Structures are given as C-alpha cells and as structure tokens.
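A.B. asks: Have a look at this one before I ask anything.
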Amino acid sequence: MRPRVGVLAMQGDFREHVERLHALGVEACEVRTEAELDEVDALIIPGGESTTIARLLIAFDLLDPLRARIAAGLPVWGTCAGAIMLAKRVPGLDRPPIGVMDVTVDRNAFGRQVDSFEADLDIAGIEGPPIRAVFIRAPVIREPGPAVEVLAALPDGRIVACREGRLLATSFHPELTDDSRLHEWFVRLAEEAMASRAPA
Amino acid sequence: MDAGSAMAGSNGNTNNGHGAEQGETATWTVKAGLAQMLKGGVIMDVVTAEHARIAEEAGACAVMALERVPSDIRAAGGVARMSRVELIEEICDSVTIPVMAKARIGHFVEAQILQEIGVDYIDESEVLTPADDQHHIDKHPFNVPFVCGCRDLGEALRRIGEGAAMIRTKGEAGTGDIVEAVRHMRALWSGIRRVQAARDDELAALAKEYQSPLHLIQEVKRLGRLPVVNFSAGGVATPADAALMMQLGADGVFVGSGIFKSDDPARMASAIVRAVTHYNDPTMLASVSRNIGEPMRGRSVASMPVEEQLAGRGN
C-alpha cells in the first residue's frame with residue numbers, strides 16, 4: 001500500500017517536496033488545515049523560516065493536532081526549518097516548536113546567507129555515492145538523546161541528520177537537488193509504518 | 001540552470017564565514033535556494049529595529065531594511081540612495097529572519113558594501129534613484145544573492161541573465177494601488193504561457209522579441225515558470241491584495257508602505273502573513289480580514305504623472 005504524503009504548507013519550499021514526491025509516483029498534497037492533516041499517512045515539514053512557521057502553526061491551531069498525530073505514530077521528516085520544528089530544544093526560538101525529537105537544534109549555525117554552502121555527505125543507510133547536501137542559513141543538531149540515531153555529520157563533527165523512531169531530521173535540503181534517495185527512504189519508512197498498523 | 005554558475009570574482013569579496021570551511025559557498029543552488037525558502041511568505045519594509053521586531057513578531061519571512069518606506073521616499077523627493085550602514089547593521093542585529101537591503105540600479109559599489117556588512121539578499125531597486133541608466137549590476141560575481149524587479153517576461157529574464165537569483169514584479173511602490181502589480185504579474189505569466197505554447201524552433205525569435213537570453217527562454221518553456229522564485233511587489237495594502245497576487249501566480253509578496261502606513265501595523269502585518277498562507281481559501285481570507293483597521297490611504301497610479309512613476313526605471 002502506497003502512503004499519501006502531506007507537505008506542511010504554512011510557508012517555505014513545500015512545492016519542491018510535492019514535486020519530488022510526484023516524480024517518484026507518490027501521492028502528495030499540501031497540508032494547511034487539521035482536516036488535511038487527518039488525510040495523510042506521513043508528513044514532511046519543509047524548509048522556510050522557523051519563526052514564521054512556528055507562529056502560523058499556533059495561529060491556525062495545528063500544534064496540538066500535529067503533536068497528537070505524531071504521538072500516534074505519524075512518520076515525519078523535517079528539512080532545515082522542519083528539523084527545527086521537530087526538536088524539543090531550540091535556543092532563541094520565541095514560540096514553542098512541535099517539540100517531539102530529543103535533540104537540541106541551533107538555528108543559523110553557520111552564519112548569514114553568504115556562509116550558506118553545499119557539500120558531499122555520507123548518510124547512514126543511504127547506498128551509493130554521497131548525497132549532495134545544500135545548507136541554507138542552516139541549523140545544526142546537538143545533544144542527541146539515547147533513542148536518537150545520528151545519520152550524518154560534517155567533517156568537523158557537527159550533526160546534520162538524525163532519526164528517532166519514525167521521525168527524521170535533516171539540516172539540509174534534499175528537495176533542492178535531483179537526488180531522490182532520501183525521499184525514497186522516507187516513503188519506505190512511511191510504508192513500513194502503514195504495514196505495522198494494518199491488521200494482520 | 002547555468003545562468004548563475006559564476007563564482008566569486010572581481011566584484012565579490014572573500015568569504016570569511018565558516019560555511020566555506022565545510023563546503024562550497026555562493027553556488028547558484030545556494031543563492032536561488034534562499035529565495036525558495038522565502039516562498040509562501042511576506043517580506044516587509046522596515047525603517048527601524050523596532051519595526052523589524054514588529055515584522056518578525058507578525059510572521060514576516062524576511063525584512064527589507066530601508067531609510068524610508070517608498071511612500072516617504074516619494075514625499076521626501078531628492079536622491080534616494082542605499083540606507084545608512086549603521087541602520088542596516090542595527091536591523092540585522094535585531095532579528096533572526098533574513099535581512100535584505102536595497103542598492104541603486106547599477107550601483108555595484110553600494111552592493112559591495114551591502115555584501116560586506118552581511119545582508120542576506122540585495123534588492124537592486126527602482127525605488128532608489130538609479131545610478132546607471134544603461135547597465136544593471138553584474139550580479140554573478142557576488143557571493144550574496146540579488147532580487148530584481150520586472151514588468152514582463154523579457155525584463156525578468158534579462159535580470160536573471162545578469163545573475164538575479166530572485167525576481168519580483170515591480171508594481172508601483174509607495175502607492176497602495178494594486179493595479180500595476182496586477183498588470184506586471186499578468187504580463188509576466190502571459191509571456192510564460194506564450195513561450196510554453198511555442199515550438200522549439202520558434203524560441204530564438206521569441207528570445208529576440210523579449211530581448212532575452214535564448215537559454216533562459218528554453219528554460220521557461222521546459223519549466224512552465226521562471227527559473228527562479230518570483231514575488232509580487234509595489235502596491236499591496238491589504239490581505240485581499242496579497243491573496244490576489246498569490247492567486248495570480250506570485251510565490252510570495254513584498255509589502256512596503258502597506259504595513260507601517262496602516263492604522264495598526266502589527267495587526268495588518270499578521271493578517272497579510274495569514275492571507276498569503278491561505279490565499280486560496282475565501283473563508284480564511286474573510287476571517288483574517290476582520291478587525292485589522294484602516295489600510296494605508298494610498299494614491300491612485302492613474303492620477304499620477306508618468307515622471308513620478310518608479311516602475312519605468314531600469315529595463
């Protein structure tokens with residue numbers, strides 16, 4: 001059974017994620033309301049501005065429904081601002097994040113836009129050549145809790161991808177390159193989650 | 001796409017940030033990518049650190065640091081230049097969202113200075129008095145990305161050819177009159193649809209007609225849109241205006257005078273942010289349009305002498 005994957009469309013590059021999923025033949029839709037959230041089997045929180053997304057989740061009463069769906073096992077992948085929204089600890093963010101992953105995320109960890117960069121990255125569980133990772137005013141992940149698996153780090157050791165159960169966080173933007181391996185990986189995670197919920 | 005693959009050169013300065021230690025900075029993907037992150041958002045003109053904090057609090061995805069909002073630039077007359085460095089730095093220090101600042105058309109030294117002080121995006125803007133009536137800035141060599149204005153497809157592709165990593169339709173800044181923003185957005189999409197409908201062997205003639213690089217015309221046909229993010233600017237004064245531009249095909253909106261010349265800037269700003277997220281939902285648009293006070297009074301473009309109109313600057 002193929003999952004229906006939602007992309008949270010408060011603000012940011014949700015279109016790129018939807019296009020990438022469609023290119024993989026996956027049913028994908030934008031999510032702006034609780035009713036739309038109810039219809040999806042997995043969710044991607046895209047890149048964008050974390051302060052904006054955090055405010056809009058509150059303004060449109062989505063924070064509690066999101067937390068409830070995640071507690072019930074919804075697979076979620078956050079890219080950049082999305083990773084910030086998933087973290088339990090975000091220094092300086094003046095609104096509560098969704099707060100479901102046991103990590104600390106530092107925003108704008110590399111400096112201003114002129115410090116944005118791309119680099120090749122090996123990611124645990126992804127076969128083949130390194131992923132070309134695009135970091136835009138990117139956050140980094142630190143203080144991973146005991147249940148968190150670190151999937152990728154930069155040469156200086158800073159963590160940029162991790163997983164905790166059905167939650168995936170990446171500091172970079174796989175939706176900005178032509179490489180679909182991380183999207184395929186997340187869709188498989190969603191399929192496994194559906195299979196485990198289906199009656200035997 | 002290859003329009004902006006040029007790397008740091010004569011106009012770009014060295015990169016002192018720590019991104020450079022981790023990988024390759026100032027690539028086209030990274031420059032155009034920040035604009036992709038701004039989509040579905042509202043970029044607000046601010047003239048003080050206090051304004052910037054109000055904008056961030058309301059949910060702006062970026063701010064434009066300015067000496068005066070466009071309606072005050074019109075009122076002040078004289079020569080409008082890049083804002084004071086210390087004002088831009090103060091605004092950069094007061095918010096965590098990206099900060100943009102304007103350079104005069106063709107004034108590549110203002111742009112060098114803005115890059116040096118660390119703004120996240122430069123707007124090469126017709127709202128300021130042009131410094132060059134023939135040439136725009138060669139934007140490729142800069143590490144910082146640029147946004148430029150356009151009135152139609154040809155103007156957009158010429159700016160992208162010069163290295164703009166983001167486009168905004170110009171509208172008529174500082175008026176609160178949406179008519180020019182609508183005209184420019186419709187003209188842009190009408191051009192895109194025409195290119196899409198053309199045969200491949202007709203694209204060279206279209207490139208000539210639009211005075212645009214052929215490879216960008218080909219890219220528009222392949223994508224069915226501009227190869228970079230396109231916002232709407234110049235005249236947005238209400239949540240309804242913002243949603244109108246989104247429904248006409250904008251990726252996001254710039255709001256200049258429309259916020260801080262309204263009755264209740266914080267409320268108007270927040271309502272416009274919400275309207276851009278739910279631009280296609282009339283129930284939500286009605287809800288966010290309640291109790292937001294009076295929008296800026298504005299000035300009808302039709303009653304304005306041509307020499308006072310800013311959109312014709314730069315082509």
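Every chain in the structure tokens has a letter given in the order shown (A, B, ...), and although residue numbers restart at 1 in each chain, ligands are simply numbered from 1 in the order shown.
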Write out as a PyMOL selection string which residues come within 8 Å of B:Ala233 when counting only C-alpha atoms, dropping same-chain ones fewer than 3 positions away.
C.D. replies: chain B and resi 168-173+181+236+253-256
A.B. asks: Considering only C-alpha atoms, return as a list in words whatever protein or nucleic-acid residues lie within 7 Å of stretch 238-247 of chain B, sequence-local ones (same chain, fewer than 4 positions apart) excluded.
C.D. replies: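 Contacts, with the query itself left out: Ile178, Val182, Ser232, Asp251, Gly252, Val253, Ala271, Ile272, Ala275, Val276, Tyr279, Asn280, Ser289 and Pro295 of chain B.
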A.B. asks: Any idea what the distance is between atom CA of A:Arg107 and atom CA of A:Cys80?
C.D. replies: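 We find that atom CA of A:Arg107 and atom CA of A:Cys80 lie 9.0 Å from each other.
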A.B. asks: Please report as an MDAnalysis selection string which residues of chain B come no farther than 7 Å from chain A, using only C-alpha atoms.
C.D. replies: chainID B and resid 17:20 22:26 30 34 36:41 59:61 97 118 120 143:144 277
A.B. asks: As an exercise, work out the distance from atom CA of A:Gly99 to atom CA of B:Ser94 in Å and give it to one decimal place.
C.D. replies: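 Interatomic distance, atom CA of A:Gly99 to atom CA of B:Ser94: 25.3 Å.
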A.B. asks: When DSSP is applied to the backbone of this structure, which of stretch 1-173 of chain A are assigned helix (DSSP H, G or I)? Write them out as number ranges by chain.
C.D. replies: A: 14-23, 34-38, 50-59, 63-71, 81-86, 113-115
A.B. asks: Each residue of stretch 4-103 of chain A lying at most 9 Å from stretch 184-188 of chain A should get a row with its shortest atom-to-atom pair and the distance in Å to one decimal, counting only C-alpha atoms; could you produce that, ordered by chain and increasing number, as CSV?
C.D. replies:
```
residue,atom,partner,partner_atom,distance
A:Val5,CA,A:Val187,CA,8.0
A:Leu21,CA,A:Glu184,CA,8.4
A:Leu24,CA,A:Glu184,CA,7.6
A:Val26,CA,A:Val187,CA,8.1
A:Ala42,CA,A:Val187,CA,8.2
A:Pro75,CA,A:Phe186,CA,8.3
A:Val76,CA,A:Phe186,CA,8.5
A:Trp77,CA,A:Phe186,CA,7.4
```
A.B. asks: For the residues in that selection, give me C-alpha atoms as an mmCIF file, in the first residue's frame.
C.D. replies:
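What follows is the written file again.cif:
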```cif
data_model
loop_
_atom_site.group_PDB
_atom_site.id
_atom_site.type_symbol
_atom_site.label_atom_id
_atom_site.label_comp_id
_atom_site.auth_asym_id
_atom_site.auth_seq_id
_atom_site.Cartn_x
_atom_site.Cartn_y
_atom_site.Cartn_z
ATOM 1 C CA VAL A 5 2.394 12.008 1.985
ATOM 2 C CA LEU A 21 7.232 13.041 -4.382
ATOM 3 C CA LEU A 24 8.556 9.260 -7.528
ATOM 4 C CA VAL A 26 3.901 9.027 -4.670
ATOM 5 C CA ALA A 42 3.179 10.739 6.618
ATOM 6 C CA PRO A 75 6.143 9.436 10.292
ATOM 7 C CA VAL A 76 7.505 12.984 9.939
ATOM 8 C CA TRP A 77 10.571 14.325 8.150
#
```
A.B. asks: Please determine, counting only C-alpha atoms, which residue among A:Val7, A:Ala195, A:Ile131, A:Ile84 has the shortest atom-to-atom distance to A:Asp178.
C.D. replies: A:Ile131
A.B. asks: One number please: atom CA of A:Pro91 to atom CA of B:Asp93, in Å, one decimal.
C.D. replies: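 Between these atoms lies a distance of 16.4 Å.
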A.B. asks: Apply DSSP to the backbone of this structure and, from stretch 74-124 of chain B, keep only the residues in strand (DSSP E or B); write these as a PDB file with N, CA, C and O atoms, in the first residue's frame.
C.D. replies:
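Output (part_27.pdb):
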```pdb
ATOM      1  N   VAL B  99      17.662  39.422   6.377  1.00  0.00           N
ATOM      2  CA  VAL B  99      17.553  40.870   6.160  1.00  0.00           C
ATOM      3  C   VAL B  99      18.024  41.187   4.743  1.00  0.00           C
ATOM      4  O   VAL B  99      19.106  40.778   4.327  1.00  0.00           O
ATOM      5  N   MET B 100      17.183  41.909   4.016  1.00  0.00           N
ATOM      6  CA  MET B 100      17.522  42.388   2.684  1.00  0.00           C
ATOM      7  C   MET B 100      17.782  43.890   2.757  1.00  0.00           C
ATOM      8  O   MET B 100      17.322  44.554   3.689  1.00  0.00           O
ATOM      9  N   ALA B 101      18.508  44.421   1.779  1.00  0.00           N
ATOM     10  CA  ALA B 101      18.675  45.874   1.694  1.00  0.00           C
ATOM     11  C   ALA B 101      18.786  46.253   0.224  1.00  0.00           C
ATOM     12  O   ALA B 101      19.147  45.427  -0.622  1.00  0.00           O
ATOM     13  N   LYS B 102      18.469  47.506  -0.077  1.00  0.00           N
ATOM     14  CA  LYS B 102      18.417  47.957  -1.464  1.00  0.00           C
ATOM     15  C   LYS B 102      19.684  48.695  -1.879  1.00  0.00           C
ATOM     16  O   LYS B 102      20.205  49.521  -1.137  1.00  0.00           O
ATOM     17  N   ALA B 103      20.128  48.395  -3.104  1.00  0.00           N
ATOM     18  CA  ALA B 103      21.161  49.178  -3.769  1.00  0.00           C
ATOM     19  C   ALA B 103      20.517  49.850  -4.976  1.00  0.00           C
ATOM     20  O   ALA B 103      19.538  49.342  -5.532  1.00  0.00           O
ATOM     21  N   ARG B 104      21.087  51.002  -5.383  1.00  0.00           N
ATOM     22  CA  ARG B 104      20.581  51.662  -6.586  1.00  0.00           C
ATOM     23  C   ARG B 104      20.888  50.820  -7.826  1.00  0.00           C
ATOM     24  O   ARG B 104      21.921  50.137  -7.871  1.00  0.00           O
ATOM     25  N   TYR B 121      20.281  39.318   1.331  1.00  0.00           N
ATOM     26  CA  TYR B 121      19.842  39.483  -0.059  1.00  0.00           C
ATOM     27  C   TYR B 121      19.948  40.958  -0.403  1.00  0.00           C
ATOM     28  O   TYR B 121      19.680  41.817   0.446  1.00  0.00           O
ATOM     29  N   ILE B 122      20.343  41.270  -1.641  1.00  0.00           N
ATOM     30  CA  ILE B 122      20.364  42.656  -2.113  1.00  0.00           C
ATOM     31  C   ILE B 122      19.248  42.848  -3.128  1.00  0.00           C
ATOM     32  O   ILE B 122      19.088  42.042  -4.046  1.00  0.00           O
ATOM     33  N   ASP B 123      18.461  43.905  -2.953  1.00  0.00           N
ATOM     34  CA  ASP B 123      17.440  44.290  -3.920  1.00  0.00           C
ATOM     35  C   ASP B 123      18.017  45.425  -4.763  1.00  0.00           C
ATOM     36  O   ASP B 123      18.246  46.524  -4.247  1.00  0.00           O
ATOM     37  N   GLU B 124      18.270  45.129  -6.035  1.00  0.00           N
ATOM     38  CA  GLU B 124      18.713  46.192  -6.957  1.00  0.00           C
ATOM     39  C   GLU B 124      17.434  46.875  -7.428  1.00  0.00           C
ATOM     40  O   GLU B 124      16.740  46.358  -8.299  1.00  0.00           O
TER      41      GLU B 124
END
```
